[in-house]
>>> print(open('entry.cif').read())   # mmCIF, C-alpha atoms
data_entry
#
loop_
_atom_site.label_atom_id
_atom_site.label_comp_id
_atom_site.auth_asym_id
_atom_site.auth_seq_id
_atom_site.Cartn_x
_atom_site.Cartn_y
_atom_site.Cartn_z
CA MET A 21 -38.95 27.14 -166.74
CA VAL A 22 -39.42 23.47 -165.84
CA LYS A 23 -38.50 23.39 -162.16
CA ASP A 24 -39.08 19.69 -161.54
CA MET A 25 -37.36 18.21 -164.61
CA ASN A 26 -33.93 16.72 -164.06
CA GLU A 27 -31.59 14.27 -165.74
CA GLU A 28 -32.61 11.40 -163.47
CA MET A 29 -36.26 11.83 -164.47
CA VAL A 30 -35.35 11.92 -168.13
CA ALA A 31 -33.25 8.76 -167.73
CA ALA A 32 -36.22 6.99 -166.11
CA LEU A 33 -38.53 8.10 -168.94
CA LYS A 34 -36.04 6.78 -171.50
CA ASP A 35 -35.97 3.44 -169.69
CA TRP A 36 -39.76 3.26 -169.90
CA PHE A 37 -39.74 4.14 -173.60
CA PHE A 38 -37.20 1.51 -174.64
CA GLY A 39 -38.90 -1.08 -172.44
CA TYR A 40 -42.20 -0.28 -174.16
CA VAL A 41 -40.65 -0.68 -177.61
CA ARG A 42 -39.37 -4.15 -176.63
CA ILE A 43 -43.01 -5.29 -176.36
CA PHE A 44 -43.21 -5.19 -180.15
CA GLU A 45 -40.17 -7.37 -180.84
CA SER A 46 -41.09 -10.41 -182.93
CA GLY A 47 -39.85 -12.78 -185.59
CA ASP A 48 -41.92 -10.95 -188.19
CA ASP A 49 -39.32 -9.28 -190.42
CA ASP A 50 -41.67 -6.60 -191.74
CA LEU A 51 -42.89 -5.66 -188.28
CA GLN A 52 -39.40 -5.71 -186.81
CA GLN A 53 -38.02 -3.53 -189.62
CA ASN A 54 -40.62 -0.82 -189.15
CA ILE A 55 -40.58 -0.89 -185.34
CA ALA A 56 -36.78 -0.49 -185.48
CA LEU A 57 -37.22 2.31 -188.03
CA LYS A 58 -39.38 4.30 -185.59
CA GLU A 59 -37.16 3.54 -182.60
CA GLU A 60 -34.08 4.85 -184.39
CA HIS A 61 -36.09 7.80 -185.68
CA THR A 62 -36.98 8.68 -182.10
CA ARG A 63 -33.34 8.51 -180.99
CA ARG A 64 -32.28 10.86 -183.77
CA VAL A 65 -35.16 13.32 -183.25
CA CYS A 66 -34.01 13.60 -179.63
CA GLY A 67 -30.56 14.53 -180.94
CA GLU A 68 -31.94 16.97 -183.50
CA ILE A 69 -34.16 18.80 -181.01
CA LEU A 70 -31.23 19.20 -178.60
CA ASP A 71 -29.04 20.51 -181.41
CA ILE A 72 -31.61 23.11 -182.46
CA GLY A 73 -32.36 24.00 -178.84
CA GLU A 74 -28.69 24.52 -178.02
CA LYS A 75 -28.30 26.77 -181.06
CA LEU A 76 -31.29 28.76 -179.79
CA ARG A 77 -29.60 28.92 -176.34
CA LEU A 78 -32.41 27.27 -174.43
CA SER A 79 -31.93 26.75 -170.70
CA ASP A 80 -30.81 23.34 -169.44
CA GLU A 81 -34.31 22.74 -168.07
CA ASP A 82 -35.96 23.56 -171.38
CA LEU A 83 -33.51 21.29 -173.21
CA LEU A 84 -34.57 18.43 -170.94
CA LEU A 85 -38.21 19.23 -171.64
CA ALA A 86 -37.54 19.30 -175.38
CA GLU A 87 -35.82 15.92 -175.20
CA VAL A 88 -38.77 14.35 -173.37
CA ILE A 89 -41.20 15.76 -175.96
CA ALA A 90 -39.08 14.26 -178.75
CA LEU A 91 -38.75 10.95 -176.90
CA PHE A 92 -42.52 10.44 -176.81
CA HIS A 93 -43.68 12.27 -179.94
CA ASP A 94 -44.13 9.05 -181.95
CA ILE A 95 -45.00 6.64 -179.12
CA GLY A 96 -48.30 5.96 -180.91
CA ARG A 97 -46.50 4.70 -184.03
CA PHE A 98 -45.51 1.32 -182.59
CA GLU A 99 -49.00 0.13 -181.76
CA GLN A 100 -50.27 1.75 -184.95
CA TYR A 101 -47.99 -0.33 -187.14
CA ALA A 102 -48.37 -3.52 -185.10
CA HIS A 103 -52.17 -3.36 -185.41
CA TYR A 104 -52.70 -1.80 -188.85
CA ARG A 105 -49.40 -2.42 -190.70
CA THR A 106 -49.34 1.16 -191.91
CA PHE A 107 -48.04 4.56 -190.82
CA VAL A 108 -50.85 6.32 -192.68
CA ASP A 109 -53.08 7.90 -190.03
CA LEU A 110 -55.96 8.14 -192.50
CA TYR A 111 -56.11 4.35 -192.76
CA SER A 112 -55.49 3.60 -189.08
CA VAL A 113 -55.38 6.01 -186.11
CA ASN A 114 -54.11 9.52 -185.54
CA HIS A 115 -50.71 8.50 -184.18
CA ALA A 116 -50.21 11.72 -182.20
CA GLU A 117 -53.55 11.48 -180.40
CA HIS A 118 -53.05 7.75 -179.90
CA GLY A 119 -49.64 8.45 -178.39
CA VAL A 120 -51.18 10.86 -175.89
CA LYS A 121 -53.70 8.15 -174.94
CA ILE A 122 -50.90 5.61 -174.37
CA LEU A 123 -48.96 8.02 -172.16
CA GLN A 124 -52.06 8.86 -170.12
CA GLU A 125 -53.25 5.27 -169.71
CA ASN A 126 -49.82 4.15 -168.53
CA GLY A 127 -49.26 7.16 -166.24
CA VAL A 128 -45.87 7.65 -167.88
CA LEU A 129 -45.62 11.36 -167.04
CA ASN A 130 -47.11 11.19 -163.55
CA SER A 131 -43.77 12.07 -161.95
CA LEU A 132 -43.97 15.54 -163.54
CA ASP A 133 -46.05 18.45 -162.32
CA GLU A 134 -49.42 18.91 -164.00
CA SER A 135 -48.50 21.98 -166.06
CA THR A 136 -45.39 20.29 -167.50
CA ARG A 137 -47.29 17.07 -168.16
CA GLU A 138 -50.06 18.91 -169.99
CA LEU A 139 -47.57 20.92 -172.05
CA ILE A 140 -45.85 17.72 -173.21
CA LEU A 141 -49.15 16.04 -174.11
CA ARG A 142 -50.49 19.04 -176.00
CA THR A 143 -47.27 19.48 -177.93
CA ILE A 144 -47.28 15.83 -178.97
CA SER A 145 -50.94 16.05 -180.00
CA TYR A 146 -50.19 19.02 -182.27
CA HIS A 147 -46.98 17.81 -183.92
CA ASN A 148 -48.62 16.13 -186.94
CA ARG A 149 -51.32 18.70 -187.62
CA ALA A 150 -51.49 20.46 -190.96
CA VAL A 151 -51.46 23.84 -189.22
CA LEU A 152 -50.38 25.04 -185.81
CA PRO A 153 -53.06 25.64 -183.15
CA GLN A 154 -54.36 29.20 -182.94
CA GLN A 155 -55.65 29.20 -179.36
CA GLU A 156 -52.54 28.11 -177.47
CA THR A 157 -49.89 29.55 -175.20
CA GLU A 158 -46.77 31.01 -176.74
CA ARG A 159 -44.68 28.43 -174.88
CA CYS A 160 -46.66 25.48 -176.21
CA VAL A 161 -46.50 26.80 -179.77
CA PHE A 162 -42.73 27.29 -179.42
CA PHE A 163 -42.12 23.67 -178.37
CA THR A 164 -44.51 22.42 -181.04
CA LYS A 165 -42.49 24.29 -183.68
CA LEU A 166 -39.26 22.96 -182.21
CA LEU A 167 -40.53 19.39 -182.39
CA ARG A 168 -41.86 19.77 -185.91
CA ASP A 169 -38.49 21.08 -187.11
CA ALA A 170 -36.54 18.26 -185.44
CA ASP A 171 -39.00 15.67 -186.71
CA LYS A 172 -38.74 16.87 -190.30
CA LEU A 173 -34.94 16.90 -190.23
CA ASP A 174 -34.86 13.23 -189.39
CA ILE A 175 -37.68 12.21 -191.72
CA TRP A 176 -35.67 13.85 -194.51
CA LYS A 177 -32.72 11.70 -193.46
CA VAL A 178 -34.84 8.54 -193.43
CA VAL A 179 -36.40 9.10 -196.85
CA THR A 180 -33.22 10.29 -198.60
CA ASP A 181 -31.31 7.28 -197.25
CA TYR A 182 -34.12 5.08 -198.55
CA TYR A 183 -34.25 6.70 -201.99
CA ARG A 184 -30.51 6.21 -202.43
CA ARG A 185 -30.79 2.46 -201.69
CA LYS A 186 -32.50 1.78 -205.00
CA ASP A 187 -31.46 -1.86 -205.14
CA GLU A 188 -33.20 -2.79 -201.90
CA LYS A 189 -36.74 -4.10 -201.44
CA ARG A 190 -39.42 -1.40 -201.45
CA ASN A 191 -40.97 -0.49 -198.12
CA ASP A 192 -44.67 0.24 -198.57
CA ALA A 193 -44.83 1.79 -195.10
CA LEU A 194 -42.34 4.48 -196.16
CA GLU A 195 -44.03 5.02 -199.52
CA LEU A 196 -47.57 5.17 -198.08
CA GLY A 197 -48.52 2.43 -200.54
CA LEU A 198 -48.48 4.95 -203.41
CA PRO A 199 -47.83 3.72 -206.97
CA ASP A 200 -44.46 4.48 -208.59
CA THR A 201 -45.94 5.94 -211.77
CA PRO A 202 -44.63 8.75 -214.04
CA GLY A 203 -45.34 12.45 -213.73
CA ILE A 204 -46.66 14.66 -210.96
CA SER A 205 -50.17 15.84 -210.12
CA ASP A 206 -51.43 19.31 -210.99
CA GLY A 207 -52.44 19.82 -207.36
CA ALA A 208 -48.97 19.09 -205.99
CA TYR A 209 -47.40 21.43 -208.53
CA LYS A 210 -49.86 24.23 -207.77
CA ASP A 211 -49.39 23.93 -204.01
CA LEU A 212 -45.60 24.18 -204.19
CA MET A 213 -45.61 27.07 -206.64
CA GLU A 214 -47.92 28.93 -204.26
CA GLY A 215 -45.44 28.39 -201.42
CA LYS A 216 -47.61 25.88 -199.61
CA ILE A 217 -47.15 22.35 -198.32
CA VAL A 218 -48.70 19.81 -200.68
CA ASP A 219 -52.22 18.90 -199.62
CA ILE A 220 -52.31 15.17 -198.86
CA THR A 221 -55.41 14.82 -201.06
CA HIS A 222 -53.23 15.78 -204.03
CA LEU A 223 -50.95 12.76 -203.64
CA LYS A 224 -51.48 10.48 -206.65
CA ASN A 225 -48.13 8.70 -206.82
CA LEU A 226 -44.69 8.38 -205.24
CA ASN A 227 -43.41 11.47 -207.09
CA ASP A 228 -46.12 13.56 -205.45
CA PHE A 229 -45.09 12.20 -202.04
CA LYS A 230 -41.50 13.26 -202.73
CA LEU A 231 -42.79 16.71 -203.64
CA LEU A 232 -44.72 16.83 -200.37
CA GLN A 233 -41.43 16.15 -198.57
CA ILE A 234 -39.76 18.98 -200.46
CA GLY A 235 -42.63 21.29 -199.55
CA TRP A 236 -41.95 20.80 -195.83
CA ILE A 237 -39.41 23.59 -196.30
CA TYR A 238 -42.39 25.97 -196.06
CA ASP A 239 -43.14 24.71 -192.55
CA ILE A 240 -39.67 25.21 -191.04
CA ASN A 241 -39.51 27.62 -188.11
CA PHE A 242 -35.94 28.19 -186.90
CA ALA A 243 -32.69 29.41 -188.50
CA PRO A 244 -30.58 26.45 -187.24
CA THR A 245 -33.00 24.07 -189.00
CA PHE A 246 -32.68 25.90 -192.31
CA GLN A 247 -28.91 25.75 -191.87
CA ARG A 248 -28.98 21.96 -191.38
CA ILE A 249 -31.18 21.52 -194.46
CA ARG A 250 -28.67 23.41 -196.58
CA GLU A 251 -25.64 21.66 -195.10
CA ARG A 252 -27.09 18.18 -195.59
CA GLY A 253 -28.48 18.78 -199.09
CA TYR A 254 -31.82 17.11 -198.43
CA LEU A 255 -33.72 19.04 -201.11
CA GLU A 256 -31.08 18.23 -203.72
CA MET A 257 -31.13 14.53 -202.82
CA ILE A 258 -34.89 14.35 -203.32
CA ARG A 259 -34.55 16.31 -206.56
CA ASP A 260 -32.14 13.64 -207.82
CA VAL A 261 -34.82 10.95 -207.59
CA LEU A 262 -37.52 12.95 -209.38
CA PRO A 263 -38.05 13.14 -213.15
CA GLU A 264 -36.74 16.00 -215.28
CA SER A 265 -39.36 18.41 -216.57
CA ASP A 266 -40.03 22.13 -216.95
CA ARG A 267 -42.48 22.04 -214.06
CA MET A 268 -39.91 20.30 -211.87
CA GLU A 269 -37.35 23.00 -212.68
CA LYS A 270 -39.84 25.68 -211.68
CA ILE A 271 -40.65 23.90 -208.42
CA PHE A 272 -37.00 23.63 -207.45
CA PHE A 273 -36.22 27.20 -208.35
CA ARG A 274 -39.10 28.23 -206.07
CA VAL A 275 -38.11 26.11 -203.06
CA GLN A 276 -34.38 26.79 -203.49
CA SER A 277 -35.06 30.53 -203.53
CA TYR A 278 -37.05 30.12 -200.32
CA LEU A 279 -34.17 28.25 -198.69
CA ASP A 280 -31.65 30.83 -199.92
CA GLU A 281 -33.76 33.64 -198.46
CA HIS A 282 -33.81 31.96 -195.05
CA THR A 283 -30.11 31.16 -194.93
CA LYS A 284 -28.57 34.29 -196.43
CA ASP A 285 -27.72 35.80 -193.02
CA ILE A 286 -26.64 32.58 -191.31
#
>>> encode(input="entry.cif", output="structure tokens")
Amino acid sequence: MVKDMNEEMVAALKDWFFGYVRIFESGDDDLQQNIALKEEHTRRVCGEILDIGEKLRLSDEDLLLAEVIALFHDIGRFEQYAHYRTFVDLYSVNHAEHGVKILQENGVLNSLDESTRELILRTISYHNRAVLPQQETERCVFFTKLLRDADKLDIWKVVTDYYRRKDEKRNDALELGLPDTPGISDGAYKDLMEGKIVDITHLKNLNDFKLLQIGWIYDINFAPTFQRIRERGYLEMIRDVLPESDRMEKIFFRVQSYLDEHTKDI
């Protein structure tokens, strides 16, 4: 249990976060659009993590901890985009590790006890990894899973909202600069049919990236998250913006069966 975390501390940390984001305000429309995108994403991930945590009946103290983790999970994104004009870590910096560096250099978490501070920093550093850490405490792994679930729920919202606004200007930052060409790669198809997340090296076009987003279903950890995915229809919305083919039908039967299996008792 986090004994030193309280609502006043969380309010102060929120003040710091939103003050930090203001540093990146500018008259550059592209920069402003993507900074705002990440700020609003952060707000919603805070809401998602509290929703999941409440469903899991976390203590008030652990809910506060979860909210702080969500608040700072993408703090590295703002400087990343301002400097590199991309959200692709491969072409810039690891945004999770960079976020930890920003928090440490600014002493943002110094009001918290060392064990709580280290737990927050480790959880943030793990949230974008392909696989969860093996040599970690059960508590750290739990909060990492909680963050990853909340993060994915909102990224699904962001991308499905974007895909449905077909008449608007394309955002290369959201599409990772991938070409909008026909078909899907063999690697992406194979990964999903094997019940795995699509390996990023298999992304050849925008369709593959959409399949990667569908494959996140295999990295969901908690029943309330599966329930939200079903209620909101995220998988179906992504399916609607992918081409029709036999392989696509097989992919969706596979992922839909997985979702059905994890929501049958909810």
>>> resolve_selection(input="entry.cif", expression="the PyMOL selection byres ((chain A and resi 226) around 9)", output="list in words")
Glu195, Leu196, Gly197, Leu198, Pro199, Asp200, Thr201, Pro202, Ile204, Leu223, Lys224, Asn225, Asn227, Asp228, Phe229, Lys230 and Leu231 of chain A
>>> write_last_selection(input="entry.cif", atoms="C-alpha atoms", output="compact mmCIF listing (two decimals), in the frame of the given file")
# COMPACT_ATOMS: atom_id res chain seq x y z
CA GLU A 195 -44.03 5.02 -199.52
CA LEU A 196 -47.57 5.17 -198.08
CA GLY A 197 -48.52 2.43 -200.54
CA LEU A 198 -48.48 4.95 -203.41
CA PRO A 199 -47.83 3.72 -206.97
CA ASP A 200 -44.46 4.48 -208.59
CA THR A 201 -45.94 5.94 -211.77
CA PRO A 202 -44.63 8.75 -214.04
CA ILE A 204 -46.66 14.66 -210.96
CA LEU A 223 -50.95 12.76 -203.64
CA LYS A 224 -51.48 10.48 -206.65
CA ASN A 225 -48.13 8.70 -206.82
CA ASN A 227 -43.41 11.47 -207.09
CA ASP A 228 -46.12 13.56 -205.45
CA PHE A 229 -45.09 12.20 -202.04
CA LYS A 230 -41.50 13.26 -202.73
CA LEU A 231 -42.79 16.71 -203.64
>>> closest_atom_pairs(input="entry.cif", of="region 81-146 of chain A", to="region 50-74 of chain A", cutoff="8 Å", atoms="only C-alpha atoms", output="CSV")
residue,atom,partner,partner_atom,distance
A:Leu83,CA,A:Leu70,CA,6.2
A:Ala86,CA,A:Ile69,CA,6.6
A:Glu87,CA,A:Cys66,CA,5.3
A:Val88,CA,A:Cys66,CA,7.9
A:Ala90,CA,A:Cys66,CA,5.2
A:Leu91,CA,A:Thr62,CA,5.9
A:Phe92,CA,A:Thr62,CA,7.9
A:His93,CA,A:Thr62,CA,7.9
A:Asp94,CA,A:Thr62,CA,7.2
A:Arg97,CA,A:Lys58,CA,7.3
A:Phe98,CA,A:Ile55,CA,6.1
A:Tyr101,CA,A:Leu51,CA,7.5
A:Ala102,CA,A:Leu51,CA,6.7
A:Arg105,CA,A:Leu51,CA,7.7
>>> resolve_selection(input="entry.cif", expression="the PyMOL selection byres ((chain A and resi 279) around 10)", output="mmCIF file with C-alpha atoms, in the coordinates of the input")
data_model
loop_
_atom_site.group_PDB
_atom_site.id
_atom_site.type_symbol
_atom_site.label_atom_id
_atom_site.label_comp_id
_atom_site.auth_asym_id
_atom_site.auth_seq_id
_atom_site.Cartn_x
_atom_site.Cartn_y
_atom_site.Cartn_z
ATOM 1 C CA ILE A 237 -39.410 23.590 -196.300
ATOM 2 C CA TYR A 238 -42.390 25.970 -196.060
ATOM 3 C CA ILE A 240 -39.670 25.210 -191.040
ATOM 4 C CA PHE A 246 -32.680 25.900 -192.310
ATOM 5 C CA GLN A 247 -28.910 25.750 -191.870
ATOM 6 C CA ILE A 249 -31.180 21.520 -194.460
ATOM 7 C CA ARG A 250 -28.670 23.410 -196.580
ATOM 8 C CA LEU A 255 -33.720 19.040 -201.110
ATOM 9 C CA PHE A 273 -36.220 27.200 -208.350
ATOM 10 C CA ARG A 274 -39.100 28.230 -206.070
ATOM 11 C CA VAL A 275 -38.110 26.110 -203.060
ATOM 12 C CA GLN A 276 -34.380 26.790 -203.490
ATOM 13 C CA SER A 277 -35.060 30.530 -203.530
ATOM 14 C CA TYR A 278 -37.050 30.120 -200.320
ATOM 15 C CA ASP A 280 -31.650 30.830 -199.920
ATOM 16 C CA GLU A 281 -33.760 33.640 -198.460
ATOM 17 C CA HIS A 282 -33.810 31.960 -195.050
ATOM 18 C CA THR A 283 -30.110 31.160 -194.930
ATOM 19 C CA LYS A 284 -28.570 34.290 -196.430
#
>>> atom_distance(input="entry.cif", atom1="CA of Asp239 (chain A)", atom2="CA of Val151 (chain A)")
9.0 Å
>>> residues_around(input="entry.cif", residues="Arg159 (chain A)", least_positions_apart="3", cutoff="12 Å", atoms="all atoms listed in the file", output="VMD selection string")
chain A and resid 21 to 22 82 85 to 86 135 to 136 138 to 140 142 to 143 155 to 156 162 to 166
>>> atom_distance(input="entry.cif", atom1="CA of Tyr254 (chain A)", atom2="CA of Thr180 (chain A)")
7.0 Å
>>> residues_near_point(input="entry.cif", point="(-30.9, 5.8, -205.7)", cutoff="12 Å", atoms="all atoms listed in the file", output="JSON, numbers by chain")
{"A": [179, 180, 181, 182, 183, 184, 185, 186, 187, 188, 190, 257, 258, 259, 260, 261, 262]}
>>> closest_residue(input="entry.cif", among="A:Leu33, A:Leu232, A:Ala150, A:Val178", to="Leu123 (chain A)", atoms="only C-alpha atoms")
A:Leu33
